[in-house]
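Okay, structure first, notes after.
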Amino acid sequence: MDSIDIIYEEGPVLACNKPSGLLTQAPEGIDSLEARIKAFLIERENKPGGCYLGVPHRLDRPASGVIVFAKHVRAARRISDQIAARLVKKTYWALVSGTVPEESGTWTDYMRKIPGRAESEILSPIHPSAREAILHFQTRQHLNTVLGPVTWLEITLETGRTHQIRLQASSRGFPILGDTLYGSTAPFGPQYEDERQRAIALHSRKMVFSHPMTGETIDLTAPVSPAWKELIPTID
């Protein structure tokens, strides 16, 4: 239980604040948030035969924040349907290197996940594999830090492509802190020897959706890690 930060549980819905450096889902035998929650539920509910846990969406390994799971198939399907219909509102926070000049704006690109690699790339709109990627941002604060100028962005996604925020920010010269895959040279959080455990400054701050069984509006907020507070002491 110490390794799971549960921020909401009602009926078949369970939401956590995922720590950075942990996979959302992984093959059996590899540590993941899904595996930890299953182990917790099996012990708490005395189900030695195992239990079902649906994963309607995911967060990148180095990112943190709100993530929702479902404890039965019908709930998982209904949450997935809401996500597919763009009825779920997700708000992300990101700390990026450099000074984003606009107070708010929209970034539109065409991109794809590179086949066989855990990485995405920007493409021409006419490329047969190109998929439109749209996000909206607001600049919350410009920071002068030991890492140089940093901009704190609040982001909402209109589309949900693999590594979308990371790639769209980096392609404009504003890589997310700690995101070496997309060009960041600025460290963020503890610098573990195993790079897979290192964080990037991308946090799923809020998620608003309808409870799959009751229809009640669920509004979840995930606190940030100490690494964020080192750069923004007043943040919660």
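Ordering of the structure tokens sets the chain letters (A, B, ...), residue numbers begin anew at 1 in every chain, and ligands are numbered from 1 in the order given.
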All residues 10 Å or closer to segment 125-140 of chain A, only C-alpha atoms, same chain fewer than 6 positions away omitted, as a ChimeraX atom specification: /A:91-94,99-114,151-162,164-165,168
Shell of 9 Å around segment 21-38 of chain A, only C-alpha atoms, local chain residues under 3 positions omitted, as an MDAnalysis selection string: chainID A and resid 1 3:4 16 18 41:43 50:55 57:64 67 69 195:200
Point-to-point distance in Å for atom CA of Ala227 of chain A and atom CA of Ser184 of chain A: 16.1 Å
Atom CA of His163 of chain A to atom CA of Leu123 of chain A, straight-line distance in Å: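 Atom CA of Leu123 of chain A sits 14.1 Å away from atom CA of His163 of chain A.
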10 Å contact set for Leu181 of chain A, only C-alpha atoms, chain neighbours under 3 positions out, as a list of chain:residue names: A:Ala118, A:Glu119, A:Ser120, A:Arg166, A:Leu167, A:Ser170, A:Pro175, A:Ile176, A:Gly178, A:Ser184, A:Thr185
Kindly export the residues of the current selection with N, CA and C atoms, as a tab-separated table (two decimals), in the first residue's frame.
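The resulting file, again.tsv, is reproduced below:
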```
chain	number	residue	atom	x	y	z
A	118	ALA	N	10.14	3.27	-29.11
A	118	ALA	CA	9.32	3.99	-28.13
A	118	ALA	C	9.58	5.48	-28.28
A	119	GLU	N	9.23	6.01	-29.45
A	119	GLU	CA	9.51	7.40	-29.79
A	119	GLU	C	8.57	7.83	-30.91
A	120	SER	N	8.25	9.10	-30.93
A	120	SER	CA	7.39	9.65	-31.99
A	120	SER	C	8.13	10.72	-32.76
A	166	ARG	N	5.24	15.85	-25.19
A	166	ARG	CA	6.70	15.84	-25.18
A	166	ARG	C	7.27	16.25	-26.54
A	167	LEU	N	6.72	15.68	-27.60
A	167	LEU	CA	7.22	15.97	-28.94
A	167	LEU	C	6.84	17.36	-29.41
A	170	SER	N	9.03	19.92	-27.55
A	170	SER	CA	10.43	19.84	-27.97
A	170	SER	C	10.64	20.38	-29.38
A	175	PRO	N	11.93	21.75	-24.80
A	175	PRO	CA	11.83	20.39	-24.27
A	175	PRO	C	11.43	20.37	-22.80
A	176	ILE	N	10.69	19.36	-22.43
A	176	ILE	CA	10.29	19.19	-21.03
A	176	ILE	C	11.52	18.83	-20.20
A	178	GLY	N	14.19	17.22	-18.07
A	178	GLY	CA	14.49	15.82	-17.82
A	178	GLY	C	14.23	14.89	-18.97
A	184	SER	N	16.10	17.29	-24.00
A	184	SER	CA	16.37	18.06	-22.80
A	184	SER	C	17.78	17.77	-22.28
A	185	THR	N	18.48	18.83	-21.87
A	185	THR	CA	19.78	18.68	-21.21
A	185	THR	C	19.69	19.09	-19.75
```
Long-range neighbours of Pro226 of chain A as a ChimeraX atom specification, 12 Å cut-off, only C-alpha atoms, 5 positions minimum in chain: /A:19-20,64,188-190,199,201,231-236
Proximity to Ile7 of chain A - best of A:Gly116, A:Glu230, A:Arg205, A:Leu220, only C-alpha atoms: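 Ranking A:Gly116, A:Glu230, A:Arg205, A:Leu220 by distance to Ile7 of chain A, first place goes to A:Leu220.
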Secondary structure check, strand (DSSP E) residues of segment 78-173 of chain A, as a PyMOL selection string: chain A and resi 89-97+104-113+120-122+131-145+148-157
Kindly save the residues from that selection, with C-alpha atoms included, as a CSV table (one decimal), in the first residue's frame.
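The resulting file, out09.csv, is reproduced below:
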```csv
chain,number,residue,atom,x,y,z
A,89,LYS,CA,-11.1,16.4,-19.6
A,90,LYS,CA,-7.4,15.9,-18.8
A,91,THR,CA,-5.2,18.8,-17.7
A,92,TYR,CA,-1.4,18.4,-17.7
A,93,TRP,CA,1.3,20.6,-16.1
A,94,ALA,CA,4.7,20.8,-17.8
A,95,LEU,CA,7.9,22.6,-17.0
A,96,VAL,CA,9.8,23.3,-20.2
A,97,SER,CA,13.2,24.8,-20.9
A,104,SER,CA,-1.9,31.0,-24.4
A,105,GLY,CA,-2.1,29.2,-27.7
A,106,THR,CA,-2.7,26.1,-29.8
A,107,TRP,CA,-0.1,23.8,-31.2
A,108,THR,CA,-1.1,21.7,-34.2
A,109,ASP,CA,1.2,19.2,-35.9
A,110,TYR,CA,1.2,15.9,-37.7
A,111,MET,CA,3.0,13.0,-36.1
A,112,ARG,CA,3.4,9.3,-35.7
A,113,LYS,CA,4.9,6.7,-33.4
A,120,SER,CA,7.4,9.6,-32.0
A,121,GLU,CA,8.2,12.1,-34.8
A,122,ILE,CA,6.8,15.1,-36.6
A,131,ARG,CA,-2.0,11.8,-37.6
A,132,GLU,CA,-3.1,15.3,-36.5
A,133,ALA,CA,-2.0,16.3,-33.0
A,134,ILE,CA,-3.6,19.3,-31.3
A,135,LEU,CA,-3.0,20.7,-27.9
A,136,HIS,CA,-4.0,23.9,-26.1
A,137,PHE,CA,-1.8,25.6,-23.5
A,138,GLN,CA,-1.7,28.5,-21.1
A,139,THR,CA,1.5,29.9,-19.6
A,140,ARG,CA,1.1,29.9,-15.8
A,141,GLN,CA,4.5,31.3,-14.9
A,142,HIS,CA,8.0,32.2,-16.2
A,143,LEU,CA,10.7,31.0,-13.9
A,144,ASN,CA,14.3,32.0,-13.5
A,145,THR,CA,16.1,28.9,-12.1
A,148,GLY,CA,18.1,28.8,-16.8
A,149,PRO,CA,14.7,30.1,-17.9
A,150,VAL,CA,11.8,27.7,-17.5
A,151,THR,CA,8.2,28.1,-18.4
A,152,TRP,CA,5.4,26.4,-16.5
A,153,LEU,CA,2.6,25.4,-18.9
A,154,GLU,CA,-0.9,24.1,-18.3
A,155,ILE,CA,-2.0,21.9,-21.2
A,156,THR,CA,-5.2,20.3,-22.4
A,157,LEU,CA,-5.1,17.8,-25.2
```
